[in-house]
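> I have a structure here, written as structure tokens, and I will follow up with some questions on it.
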Amino acid sequence: MRRLIPKFLTVLTVTTACSAQGFDGDWDAAYTKATTALAKLSLSEKIGIVSGVGWGKGPCSGTTSAARSINYPALCLQDGPLGVRSAASITAFPAGIQAGATWDRALMRERGRGIGEETRALGIHVILGPVAGPLGQFAQGGRNWEGFSNDPYLSGVANEQTIAGIQEAGAQACVKHYILNEQERDRETMNSVVDDRTLHELYLWPFAEAVRAGVASIMCSYNRVDGTYACENRRLMEDLLKNELGFKGYVLTDWNAQHSTAESANTGLDMTMPGSAQNGGNVFWGSRLQSAVSAGQVQMSRLDDMVKRILAAWYFTKQDVGYPDTKIDRRTNNGGPNVQGSHSTIARAVARDGIVLLKNTDGILPLKSPKSIAIIGSDAVPNPRGINSCQDMGCNQGTLTMGWGSGSATLPYVSSPADTITTRAKKDGTTVTLSASDTASQGRSTAQNAEVAIVFITADSGEAYITVEGHAGDRKDLFAWHNGEALVKAVAEVNKNVIVVVHTVGPIILEGFADLSNVKAILWAGLPGQEAGNALVDVLYGDYSPSGKLPYTIAKTASDYGTTIQGYSDNFREGLFIDYRALEKNRITPRYEFGYGLSYTTFNYSSLVIYGSPSSGAETGPTVPGGASSLFEVVATVAVNVTNSGSATAAEVPQLYIGFPDSAPGTPARQLRGFDKLSLQPGEGATVRFELRRKDLSFWDAPAKKWSLPKGTFGVEVGASSRDIRLTEIQHFVAVRNALSSSIGSSAIPSKTSHR
Ligand code: NOJ
């Protein structure tokens, strides 16, 4: 996809930001094998393949029964999205949201591959990730950090790349939680009601990209949708996933998200997890499913379809040949062998390249051998009680590397900011003082005589089964925890060179200090996993220029987002307008916008060229994984030159935003539809080509129940963020030069050609 040909001061490199980069497996061949295997199975073997053995009764978070007649193993399903949960010596990768902040396809894929390799090495068949939902309807949503971004396009690309990486390594990915499970509060009773267009253009989009990428399995969520539980919802599982999106793998429940025997089977559920009685009630499948089949309440053909889907996914990922035996066992607390390999390198790269530089006055960063540094805040040091002392990371003590819940993993170690800064500072002869406390008075006294003060603050969230400092999964508010704002202000009263480092699950309100002149820099360090300190020092000292971009908006007040956690019922009243789409619509200026991030260099954008002449109208063609085949045809290309015009080697993320014509009324003013990440030396330039698929230029025509490419002129904008648009006309939606017309396409092809 990317071909870098370094050339000083000239534009010779051509890169193509393209899609359709999923896992390269063969579903047809897998189905042929699955059909042959199915014929050898007894009824009870079939039931065993679709039913979990029960919580605590198998080695994994979820385990099914083996079918000896076909050499099919007891399938082992284990959390989670940032690394293998409850294993002894794995890599605790940066969280999904940090991978999203890199905007780097290659890194997303490598992170996925690393997770997949460790999954396979432990003999685990299915890793319960990545996360496409929650998407991020609510900034306070407790589990947003497990996913990649609240923009469906960015989340879709990240899911695609992660799934491809996981499955290339041999493990099965399980994209979750399907769907409209946007908050932790009331998650098991919540009823979500959304209009069809919003569903398709926002919440279903990343799941559709996951299906396109060849994901093996999908986890249905706890909540209800239109009054019916997601795991017994025909519209969600059968109509949308299997018919409209052509999903060939299997749907499994979230843990105890099943509520019926025949109903769930007949509406499209393929596997139940973990297979235990719920709330003292029923085990819905296992022997009950067998009885339902015998009684004709569930057709044998439906049971066969479930089994075929599960077996096909197993063959599709080639787990039938030489897959390792399961090496973990939760019943005996056996965490398995060390499977880290050299993955710390990729963990560090993701942690580093996801760091977003928000403010950098007087070029205070990178640090230039200051005489003295004061390090302030409890987030600068490892949790003094032990880095894994809180169950499932359910506390915010010591440096914050991930949120809490089933999406957490055991840290093998943590590279702490205080340690790594101190080690590095010694080389320059810099004196370091440390106040590992969040108390303002202590911070002030430590900072007052230092040349530079680095203040660490946090915000945490997680899954509802743990409440931390009053946050029951979802955050209660969007402020920094532990009086972080007061700490920064106190330090800024006594020190002129304050650098704020934020480890956080999502946006926090920065208004209390962002404009203070003594707060010279703000580094958004996200959720970096085990490599926290190393990644931070790479950027603080300029060994690498920061290159992360915000995967969400940082607003000035919580109400600017226009959405807030709901009780019992979520009606998605804001429709398509979440995050930057909402702020644009309501003409609200954010503090830092979606896609924003500074660098140690500057970039020049030039020569926008648009070509392609897509025909307007509805999608056509047979259903392929992801939807109608025409949706994935490249119908237009936008090319732009980006040059590093400063003096540091650095990476930039040019972003393509599309405005739809009036014939698609109600569409957000601009929506992300392309990006790429380019590493450029000073003076070096590159041509980026964004390939637009028919789907990228279509809206969901709800009455017609189809994607449709509207007639008229599109706005085409390329920039360094969603508000820092570098190439467009003022009247961008009618500008001839920068507009893409669905009826009159330009045929100008840039001289440099590209490749997929
Ligand atoms: C419930 C969570 O919602 C899900 O993400 C996880 O995979 C299962 N528990 C299993 O731990």
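Residues in the structure tokens are numbered from 1 in each chain, the chains being A, B, ... in the order shown, and ligands are numbered from 1 in the order shown.
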Quick one: residues within 7 Å of region 84-99 of chain A, only C-alpha atoms counted, chain neighbours fewer than 2 positions away excluded, as number ranges by chain?

A: 78-80, 82, 101-102, 108, 118-119, 145-149, 328, 335-340, 343-344, 347, 350-351, 354, 402, 408-412, 526-530

> Could those selected residues go to a file with C-alpha atoms, as a PDB file, in the first residue's frame?


```
ATOM      1  CA  GLN A  78     -10.679 -15.338  25.911  1.00  0.00           C
ATOM      2  CA  ASP A  79     -10.763 -11.581  26.447  1.00  0.00           C
ATOM      3  CA  GLY A  80      -9.718  -9.101  25.222  1.00  0.00           C
ATOM      4  CA  LEU A  82      -5.698  -4.970  24.107  1.00  0.00           C
ATOM      5  CA  ALA A 101      -4.991   8.072  17.770  1.00  0.00           C
ATOM      6  CA  THR A 102      -2.063   6.887  15.646  1.00  0.00           C
ATOM      7  CA  MET A 108      -2.987  -0.947  13.742  1.00  0.00           C
ATOM      8  CA  GLU A 118       0.089 -14.236  21.600  1.00  0.00           C
ATOM      9  CA  THR A 119      -3.456 -15.630  21.394  1.00  0.00           C
ATOM     10  CA  TRP A 145     -11.474   3.469  25.214  1.00  0.00           C
ATOM     11  CA  GLU A 146     -11.679  -0.207  24.255  1.00  0.00           C
ATOM     12  CA  GLY A 147     -12.617   0.918  20.739  1.00  0.00           C
ATOM     13  CA  PHE A 148     -10.747   3.215  18.393  1.00  0.00           C
ATOM     14  CA  SER A 149     -12.716   6.377  17.716  1.00  0.00           C
ATOM     15  CA  ILE A 328      -4.011 -21.377  30.047  1.00  0.00           C
ATOM     16  CA  GLY A 335      -1.599 -18.152  33.190  1.00  0.00           C
ATOM     17  CA  GLY A 336       0.437 -19.996  30.590  1.00  0.00           C
ATOM     18  CA  PRO A 337       3.983 -19.451  29.333  1.00  0.00           C
ATOM     19  CA  ASN A 338       5.616 -16.192  28.322  1.00  0.00           C
ATOM     20  CA  VAL A 339       4.430 -15.369  24.811  1.00  0.00           C
ATOM     21  CA  GLN A 340       5.610 -11.777  24.525  1.00  0.00           C
ATOM     22  CA  HIS A 343       6.048  -7.270  20.844  1.00  0.00           C
ATOM     23  CA  SER A 344       7.203  -4.564  23.243  1.00  0.00           C
ATOM     24  CA  ALA A 347       3.558  -1.699  21.846  1.00  0.00           C
ATOM     25  CA  VAL A 350       1.691   2.502  19.067  1.00  0.00           C
ATOM     26  CA  ALA A 351       1.946   4.204  22.468  1.00  0.00           C
ATOM     27  CA  GLY A 354      -0.691   7.852  19.417  1.00  0.00           C
ATOM     28  CA  MET A 402      -5.592   1.195  30.470  1.00  0.00           C
ATOM     29  CA  SER A 408      -7.942  -4.924  30.691  1.00  0.00           C
ATOM     30  CA  ALA A 409      -4.961  -7.267  30.837  1.00  0.00           C
ATOM     31  CA  THR A 410      -2.254  -8.124  33.347  1.00  0.00           C
ATOM     32  CA  LEU A 411       0.730  -5.788  33.026  1.00  0.00           C
ATOM     33  CA  PRO A 412       3.987  -7.744  32.643  1.00  0.00           C
ATOM     34  CA  GLY A 526      -3.852   8.472  26.079  1.00  0.00           C
ATOM     35  CA  LEU A 527      -3.778   4.887  27.368  1.00  0.00           C
ATOM     36  CA  PRO A 528      -0.311   3.643  26.494  1.00  0.00           C
ATOM     37  CA  GLY A 529      -0.161   0.158  28.055  1.00  0.00           C
ATOM     38  CA  GLN A 530       3.098  -1.263  29.410  1.00  0.00           C
TER      39      GLN A 530
END
```

> As a list in words, please: every residue in region 41-101 of chain A that DSSP puts in strand (DSSP E or B).

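So the strand (DSSP E or B) residues in region 41-101 of chain A would be Ser51, Gly52, Gly62, Thr63, Thr64, Ala67, Tyr72, Cys76, Leu77, Gln78, Pro81 and Gly83 of chain A.
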
> Let me see if you get this right: every residue at most 9 Å from ligand 1, counting only C-alpha atoms and all ligand atoms, written as a count of residues only.

28

> Using the chain letters and numbers from this document, which residues of region 410-571 of chain A does DSSP assign to helix (DSSP H, G or I), as a VMD selection string?

chain A and resid 417 to 427 440 to 447 484 to 494 529 to 540 558 to 561

> Counting only C-alpha atoms, figure out which residue out of A:Pro384, A:Leu434, A:Val519, A:Gly52 gets nearest to Val283 (chain A).

A:Gly52

> What's the 10 Å shell around Lys496 (chain A), counting only C-alpha atoms, without same-chain residues fewer than 5 positions away, as a list in words?

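The residues that qualify are Ala447, Gln448, Ala450, Glu451, Val452, Ala453, Val491, Leu516, Ser517, Asn518, Val519 and Lys520 of chain A.
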
> Keeping only C-alpha atoms, write the selected residues as a PDB file, in the first residue's frame.


```pdb
ATOM      1  CA  ALA A 447       7.840  22.913  41.086  1.00  0.00           C
ATOM      2  CA  GLN A 448       8.829  26.324  42.325  1.00  0.00           C
ATOM      3  CA  ALA A 450      12.620  23.844  38.745  1.00  0.00           C
ATOM      4  CA  GLU A 451      13.249  25.082  35.240  1.00  0.00           C
ATOM      5  CA  VAL A 452      10.529  22.811  33.840  1.00  0.00           C
ATOM      6  CA  ALA A 453       7.577  21.196  35.628  1.00  0.00           C
ATOM      7  CA  VAL A 491       2.006  24.428  39.635  1.00  0.00           C
ATOM      8  CA  LEU A 516      -2.637  29.824  31.024  1.00  0.00           C
ATOM      9  CA  SER A 517       0.565  31.321  29.667  1.00  0.00           C
ATOM     10  CA  ASN A 518       2.698  29.282  32.054  1.00  0.00           C
ATOM     11  CA  VAL A 519       1.161  26.080  30.732  1.00  0.00           C
ATOM     12  CA  LYS A 520       3.454  25.876  27.762  1.00  0.00           C
TER      13      LYS A 520
END
```

> Which one of A:Pro710, A:Tyr315, A:Ala532, A:Gly268 sits closest to Thr32 (chain A) if you count only C-alpha atoms?

A:Tyr315

> Skipping near chain neighbours, those fewer than 3 positions away, what residues fall within 12 Å of Glu117 (chain A) using only C-alpha atoms, listed as a ChimeraX atom specification?

/A:83-84,90-91,110-114,120-127,165-173,323-324,338-343

> Would you export the selected residues with N, CA and C atoms as an mmCIF file, in the first residue's frame, please?


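Wrote out_31.cif, looks like this:
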```cif
data_model
loop_
_atom_site.group_PDB
_atom_site.id
_atom_site.type_symbol
_atom_site.label_atom_id
_atom_site.label_comp_id
_atom_site.auth_asym_id
_atom_site.auth_seq_id
_atom_site.Cartn_x
_atom_site.Cartn_y
_atom_site.Cartn_z
ATOM 1 N N GLY A 83 -5.014 -7.251 24.507
ATOM 2 C CA GLY A 83 -4.066 -8.305 24.844
ATOM 3 C C GLY A 83 -4.813 -9.384 25.596
ATOM 4 N N VAL A 84 -4.195 -10.554 25.739
ATOM 5 C CA VAL A 84 -4.895 -11.694 26.341
ATOM 6 C C VAL A 84 -5.086 -11.460 27.838
ATOM 7 N N ILE A 90 1.975 -11.808 28.995
ATOM 8 C CA ILE A 90 1.594 -11.350 27.657
ATOM 9 C C ILE A 90 2.057 -9.900 27.500
ATOM 10 N N THR A 91 1.813 -9.336 26.362
ATOM 11 C CA THR A 91 2.066 -7.913 26.170
ATOM 12 C C THR A 91 0.778 -7.150 26.447
ATOM 13 N N GLU A 110 -0.161 -4.214 12.797
ATOM 14 C CA GLU A 110 0.906 -4.883 13.565
ATOM 15 C C GLU A 110 0.482 -5.136 15.002
ATOM 16 N N ARG A 111 -0.219 -4.182 15.577
ATOM 17 C CA ARG A 111 -0.750 -4.392 16.936
ATOM 18 C C ARG A 111 -1.699 -5.594 16.934
ATOM 19 N N GLY A 112 -2.575 -5.655 15.937
ATOM 20 C CA GLY A 112 -3.493 -6.792 15.827
ATOM 21 C C GLY A 112 -2.718 -8.090 15.673
ATOM 22 N N ARG A 113 -1.692 -8.054 14.870
ATOM 23 C CA ARG A 113 -0.904 -9.269 14.638
ATOM 24 C C ARG A 113 -0.235 -9.716 15.936
ATOM 25 N N GLY A 114 0.281 -8.751 16.686
ATOM 26 C CA GLY A 114 0.918 -9.073 17.968
ATOM 27 C C GLY A 114 -0.074 -9.741 18.915
ATOM 28 N N ARG A 120 -2.603 -17.121 19.729
ATOM 29 C CA ARG A 120 -2.307 -18.421 19.132
ATOM 30 C C ARG A 120 -1.286 -19.195 19.973
ATOM 31 N N ALA A 121 -0.232 -18.484 20.404
ATOM 32 C CA ALA A 121 0.819 -19.167 21.167
ATOM 33 C C ALA A 121 0.253 -19.791 22.440
ATOM 34 N N LEU A 122 -0.812 -19.207 22.974
ATOM 35 C CA LEU A 122 -1.426 -19.750 24.187
ATOM 36 C C LEU A 122 -2.501 -20.791 23.867
ATOM 37 N N GLY A 123 -2.659 -21.078 22.581
ATOM 38 C CA GLY A 123 -3.651 -22.077 22.191
ATOM 39 C C GLY A 123 -5.085 -21.607 22.402
ATOM 40 N N ILE A 124 -5.258 -20.300 22.440
ATOM 41 C CA ILE A 124 -6.610 -19.718 22.540
ATOM 42 C C ILE A 124 -7.112 -19.552 21.110
ATOM 43 N N HIS A 125 -8.351 -19.952 20.860
ATOM 44 C CA HIS A 125 -8.835 -19.905 19.476
ATOM 45 C C HIS A 125 -9.427 -18.558 19.095
ATOM 46 N N VAL A 126 -10.167 -17.981 20.051
ATOM 47 C CA VAL A 126 -10.898 -16.748 19.736
ATOM 48 C C VAL A 126 -10.509 -15.662 20.731
ATOM 49 N N ILE A 127 -10.050 -14.534 20.249
ATOM 50 C CA ILE A 127 -9.761 -13.398 21.118
ATOM 51 C C ILE A 127 -10.957 -12.447 21.032
ATOM 52 N N GLY A 165 -4.856 -8.302 11.164
ATOM 53 C CA GLY A 165 -3.633 -8.661 11.895
ATOM 54 C C GLY A 165 -3.850 -9.877 12.783
ATOM 55 N N ILE A 166 -4.947 -9.870 13.551
ATOM 56 C CA ILE A 166 -5.241 -10.989 14.463
ATOM 57 C C ILE A 166 -5.361 -12.295 13.669
ATOM 58 N N GLN A 167 -6.113 -12.247 12.571
ATOM 59 C CA GLN A 167 -6.403 -13.487 11.849
ATOM 60 C C GLN A 167 -5.222 -13.936 10.985
ATOM 61 N N GLU A 168 -4.404 -13.001 10.524
ATOM 62 C CA GLU A 168 -3.185 -13.402 9.817
ATOM 63 C C GLU A 168 -2.270 -14.207 10.742
ATOM 64 N N ALA A 169 -2.340 -13.882 12.042
ATOM 65 C CA ALA A 169 -1.525 -14.618 13.011
ATOM 66 C C ALA A 169 -2.140 -15.974 13.351
ATOM 67 N N GLY A 170 -3.366 -16.217 12.914
ATOM 68 C CA GLY A 170 -3.971 -17.534 13.114
ATOM 69 C C GLY A 170 -5.103 -17.584 14.113
ATOM 70 N N ALA A 171 -5.325 -16.493 14.855
ATOM 71 C CA ALA A 171 -6.421 -16.489 15.824
ATOM 72 C C ALA A 171 -7.707 -16.020 15.144
ATOM 73 N N GLN A 172 -8.840 -16.336 15.762
ATOM 74 C CA GLN A 172 -10.108 -15.790 15.281
ATOM 75 C C GLN A 172 -10.395 -14.500 16.043
ATOM 76 N N ALA A 173 -10.764 -13.458 15.315
ATOM 77 C CA ALA A 173 -11.181 -12.218 15.975
ATOM 78 C C ALA A 173 -12.674 -12.289 16.258
ATOM 79 N N TYR A 323 -2.834 -26.291 15.162
ATOM 80 C CA TYR A 323 -3.060 -25.215 16.147
ATOM 81 C C TYR A 323 -2.628 -25.695 17.527
ATOM 82 N N PRO A 324 -1.906 -24.858 18.280
ATOM 83 C CA PRO A 324 -1.409 -25.302 19.591
ATOM 84 C C PRO A 324 -2.540 -25.664 20.555
ATOM 85 N N ASN A 338 5.327 -17.533 28.845
ATOM 86 C CA ASN A 338 5.616 -16.192 28.322
ATOM 87 C C ASN A 338 5.507 -16.210 26.794
ATOM 88 N N VAL A 339 4.641 -15.382 26.264
ATOM 89 C CA VAL A 339 4.430 -15.369 24.811
ATOM 90 C C VAL A 339 4.701 -13.982 24.217
ATOM 91 N N GLN A 340 5.457 -13.182 24.943
ATOM 92 C CA GLN A 340 5.610 -11.777 24.525
ATOM 93 C C GLN A 340 6.418 -11.583 23.245
ATOM 94 N N GLY A 341 7.345 -12.508 22.982
ATOM 95 C CA GLY A 341 8.203 -12.326 21.811
ATOM 96 C C GLY A 341 8.819 -10.933 21.835
ATOM 97 N N SER A 342 8.875 -10.283 20.681
ATOM 98 C CA SER A 342 9.461 -8.935 20.642
ATOM 99 C C SER A 342 8.367 -7.875 20.514
ATOM 100 N N HIS A 343 7.186 -8.175 21.049
ATOM 101 C CA HIS A 343 6.048 -7.270 20.844
ATOM 102 C C HIS A 343 6.144 -5.955 21.592
#
```

> Give me the residues within 10 Å of Lys368 (chain A) as a PyMOL selection string, counting only C-alpha atoms and dropping any in the same chain fewer than 2 places off.

chain A and resi 363-366+370-371+428+540-542

> Pull N, CA and C atoms from the residues just selected and write them as a PDB file, in the first residue's frame.


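Below is the file again.pdb, written as the result:
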```pdb
ATOM      1  N   GLY A 363       7.981  26.737  21.561  1.00  0.00           N
ATOM      2  CA  GLY A 363       8.749  25.543  21.225  1.00  0.00           C
ATOM      3  C   GLY A 363       9.378  24.896  22.444  1.00  0.00           C
ATOM      4  N   ILE A 364       8.626  24.882  23.566  1.00  0.00           N
ATOM      5  CA  ILE A 364       9.216  24.300  24.795  1.00  0.00           C
ATOM      6  C   ILE A 364       9.548  22.822  24.602  1.00  0.00           C
ATOM      7  N   LEU A 365       8.750  22.172  23.756  1.00  0.00           N
ATOM      8  CA  LEU A 365       9.063  20.786  23.407  1.00  0.00           C
ATOM      9  C   LEU A 365       9.628  20.742  21.989  1.00  0.00           C
ATOM     10  N   PRO A 366      10.546  19.859  21.685  1.00  0.00           N
ATOM     11  CA  PRO A 366      11.143  18.891  22.610  1.00  0.00           C
ATOM     12  C   PRO A 366      12.035  19.570  23.642  1.00  0.00           C
ATOM     13  N   PRO A 370      17.147  20.837  29.941  1.00  0.00           N
ATOM     14  CA  PRO A 370      16.893  21.811  31.015  1.00  0.00           C
ATOM     15  C   PRO A 370      17.781  21.511  32.221  1.00  0.00           C
ATOM     16  N   LYS A 371      18.045  22.539  33.019  1.00  0.00           N
ATOM     17  CA  LYS A 371      18.890  22.340  34.212  1.00  0.00           C
ATOM     18  C   LYS A 371      18.183  21.453  35.230  1.00  0.00           C
ATOM     19  N   ASP A 428      21.708  14.236  30.355  1.00  0.00           N
ATOM     20  CA  ASP A 428      21.920  15.659  30.067  1.00  0.00           C
ATOM     21  C   ASP A 428      22.424  16.413  31.292  1.00  0.00           C
ATOM     22  N   LEU A 540       8.922  13.472  24.343  1.00  0.00           N
ATOM     23  CA  LEU A 540       9.345  14.634  25.146  1.00  0.00           C
ATOM     24  C   LEU A 540      10.713  15.143  24.715  1.00  0.00           C
ATOM     25  N   TYR A 541      11.594  14.217  24.400  1.00  0.00           N
ATOM     26  CA  TYR A 541      12.971  14.603  24.073  1.00  0.00           C
ATOM     27  C   TYR A 541      13.219  14.724  22.573  1.00  0.00           C
ATOM     28  N   GLY A 542      12.194  14.512  21.781  1.00  0.00           N
ATOM     29  CA  GLY A 542      12.335  14.756  20.346  1.00  0.00           C
ATOM     30  C   GLY A 542      13.035  13.661  19.568  1.00  0.00           C
TER      31      GLY A 542
END
```

> Which residues are near Ser599 (chain A)? Cut-off 10 Å, only C-alpha atoms, ignore same chain within fewer than 5 positions. Put them as a list in words.

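The residues satisfying every condition are Val356, Leu357, Leu358, Lys359, Asn360, Leu365, Tyr544, Ser545, Pro546, Ser547, Gly548, Lys549, Gly646, Ala648, Thr649, Ala650, Ala651 and Glu652 of chain A.
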
> Next, write the just-selected residues to a file, as a short mmCIF file (atom, residue, chain, number, x, y, z; two decimals), in the first residue's frame, keeping all heavy atoms as the atom set.


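As a result, part38.cif now contains:
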```
data_model
loop_
_atom_site.label_atom_id
_atom_site.label_comp_id
_atom_site.auth_asym_id
_atom_site.auth_seq_id
_atom_site.Cartn_x
_atom_site.Cartn_y
_atom_site.Cartn_z
N VAL A 356 -0.67 12.76 21.27
CA VAL A 356 -1.11 13.95 20.54
C VAL A 356 -0.57 15.19 21.25
O VAL A 356 -0.83 15.38 22.44
CB VAL A 356 -2.65 14.01 20.47
CG1 VAL A 356 -3.08 15.18 19.58
CG2 VAL A 356 -3.24 12.70 19.96
N LEU A 357 0.15 16.01 20.52
CA LEU A 357 0.64 17.27 21.08
C LEU A 357 -0.43 18.33 20.86
O LEU A 357 -0.76 18.67 19.72
CB LEU A 357 1.95 17.67 20.38
CG LEU A 357 2.58 19.00 20.82
CD1 LEU A 357 2.96 18.99 22.30
CD2 LEU A 357 3.82 19.31 19.97
N LEU A 358 -1.00 18.83 21.97
CA LEU A 358 -2.13 19.76 21.84
C LEU A 358 -1.67 21.21 21.87
O LEU A 358 -2.27 22.08 21.23
CB LEU A 358 -3.12 19.53 22.98
CG LEU A 358 -3.80 18.15 23.04
CD1 LEU A 358 -4.74 18.07 24.23
CD2 LEU A 358 -4.56 17.87 21.75
N LYS A 359 -0.64 21.48 22.65
CA LYS A 359 -0.18 22.87 22.79
C LYS A 359 1.32 22.85 22.93
O LYS A 359 1.86 21.96 23.61
CB LYS A 359 -0.83 23.48 24.05
CG LYS A 359 -0.41 24.91 24.35
CD LYS A 359 -1.14 25.47 25.57
CE LYS A 359 -0.70 26.92 25.82
NZ LYS A 359 -1.31 27.51 27.02
N ASN A 360 2.01 23.78 22.30
CA ASN A 360 3.47 23.84 22.42
C ASN A 360 3.93 25.27 22.20
O ASN A 360 4.36 25.65 21.12
CB ASN A 360 4.11 22.89 21.40
CG ASN A 360 5.58 22.64 21.69
OD1 ASN A 360 6.05 22.90 22.80
ND2 ASN A 360 6.31 22.14 20.70
N LEU A 365 8.75 22.17 23.76
CA LEU A 365 9.06 20.79 23.41
C LEU A 365 9.63 20.74 21.99
O LEU A 365 9.20 21.52 21.14
CB LEU A 365 7.81 19.92 23.50
CG LEU A 365 7.28 19.67 24.92
CD1 LEU A 365 5.99 18.85 24.86
CD2 LEU A 365 8.32 18.98 25.79
N TYR A 544 11.46 11.31 18.56
CA TYR A 544 10.38 11.19 17.57
C TYR A 544 9.51 12.43 17.71
O TYR A 544 9.24 12.89 18.83
CB TYR A 544 9.51 9.96 17.84
CG TYR A 544 10.22 8.66 17.58
CD1 TYR A 544 11.07 8.12 18.55
CD2 TYR A 544 10.05 7.98 16.38
CE1 TYR A 544 11.73 6.92 18.32
CE2 TYR A 544 10.70 6.78 16.14
CZ TYR A 544 11.55 6.26 17.11
OH TYR A 544 12.19 5.07 16.89
N SER A 545 9.07 12.94 16.58
CA SER A 545 8.09 14.02 16.64
C SER A 545 6.73 13.43 16.97
O SER A 545 6.40 12.34 16.50
CB SER A 545 8.03 14.72 15.28
OG SER A 545 6.99 15.67 15.29
N PRO A 546 5.93 14.12 17.78
CA PRO A 546 4.58 13.61 17.99
C PRO A 546 3.83 13.54 16.67
O PRO A 546 3.97 14.44 15.83
CB PRO A 546 3.95 14.64 18.93
CG PRO A 546 4.83 15.83 18.90
CD PRO A 546 6.19 15.38 18.46
N SER A 547 3.04 12.50 16.50
CA SER A 547 2.31 12.37 15.23
C SER A 547 0.90 11.86 15.42
O SER A 547 0.22 11.54 14.45
CB SER A 547 3.07 11.45 14.28
OG SER A 547 3.12 10.14 14.82
N GLY A 548 0.45 11.76 16.67
CA GLY A 548 -0.93 11.34 16.91
C GLY A 548 -1.90 12.47 16.59
O GLY A 548 -1.52 13.65 16.57
N LYS A 549 -3.13 12.09 16.30
CA LYS A 549 -4.20 13.07 16.06
C LYS A 549 -5.40 12.62 16.89
O LYS A 549 -5.65 11.40 17.02
CB LYS A 549 -4.58 13.08 14.58
CG LYS A 549 -3.42 13.43 13.65
CD LYS A 549 -3.33 14.93 13.41
CE LYS A 549 -2.27 15.25 12.36
NZ LYS A 549 -2.28 16.67 12.00
N GLY A 646 9.38 21.96 7.53
CA GLY A 646 10.14 22.37 8.71
C GLY A 646 11.48 21.65 8.79
O GLY A 646 12.02 21.21 7.76
N ALA A 648 12.34 19.09 11.25
CA ALA A 648 12.42 17.80 11.95
C ALA A 648 11.78 16.70 11.10
O ALA A 648 10.78 16.94 10.42
CB ALA A 648 11.69 17.88 13.28
N THR A 649 12.36 15.52 11.15
CA THR A 649 11.71 14.37 10.52
C THR A 649 10.44 14.08 11.31
O THR A 649 10.47 14.05 12.55
CB THR A 649 12.65 13.15 10.55
OG1 THR A 649 13.80 13.46 9.77
CG2 THR A 649 11.97 11.90 10.01
N ALA A 650 9.36 13.89 10.63
CA ALA A 650 8.09 13.73 11.34
C ALA A 650 7.06 13.09 10.44
O ALA A 650 7.25 13.00 9.23
CB ALA A 650 7.58 15.10 11.80
N ALA A 651 5.97 12.64 11.05
CA ALA A 651 4.88 12.04 10.27
C ALA A 651 3.65 12.94 10.33
O ALA A 651 3.37 13.57 11.35
CB ALA A 651 4.54 10.66 10.81
N GLU A 652 2.95 13.00 9.22
CA GLU A 652 1.72 13.79 9.15
C GLU A 652 0.56 12.89 8.73
O GLU A 652 0.77 11.88 8.03
CB GLU A 652 1.91 14.95 8.15
CG GLU A 652 0.66 15.75 7.80
CD GLU A 652 0.06 16.54 8.97
OE1 GLU A 652 0.11 16.07 10.11
OE2 GLU A 652 -0.49 17.63 8.71
#
```

> Within 10 Å of Lys248 (chain A), counting only C-alpha atoms, which residues show up once you throw out same-chain ones fewer than 5 positions away? Write them as JSON, numbers by chain, please.

{"A": [27, 28, 31, 211, 214, 215, 216, 217, 241, 242, 243, 308, 309, 310, 312, 313, 624, 625]}

> Can you work out which one of A:Asn396, A:Thr667, A:Gln655, A:Asn334 has the shortest atom-to-atom distance to Ile725 (chain A), counting only C-alpha atoms?

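Between A:Asn396, A:Thr667, A:Gln655, A:Asn334, the residue approaching Ile725 (chain A) most closely is A:Gln655.
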
> Nearest to Glu263 (chain A): which of A:Ala440, A:Ala292, A:Cys174, A:Ala277 is it, counting only C-alpha atoms?

A:Ala292

> In Å, with one decimal, what is the gap from CA of Thr63 (chain A) to CA of Val307 (chain A)?

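According to the coordinates, CA of Thr63 (chain A) and CA of Val307 (chain A) are separated by 15.1 Å.
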
> Between CA of Gly683 (chain A) and CA of Ala636 (chain A), what distance in Å does the model show, to one decimal?

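For CA of Gly683 (chain A) relative to CA of Ala636 (chain A), the distance reads 29.0 Å.
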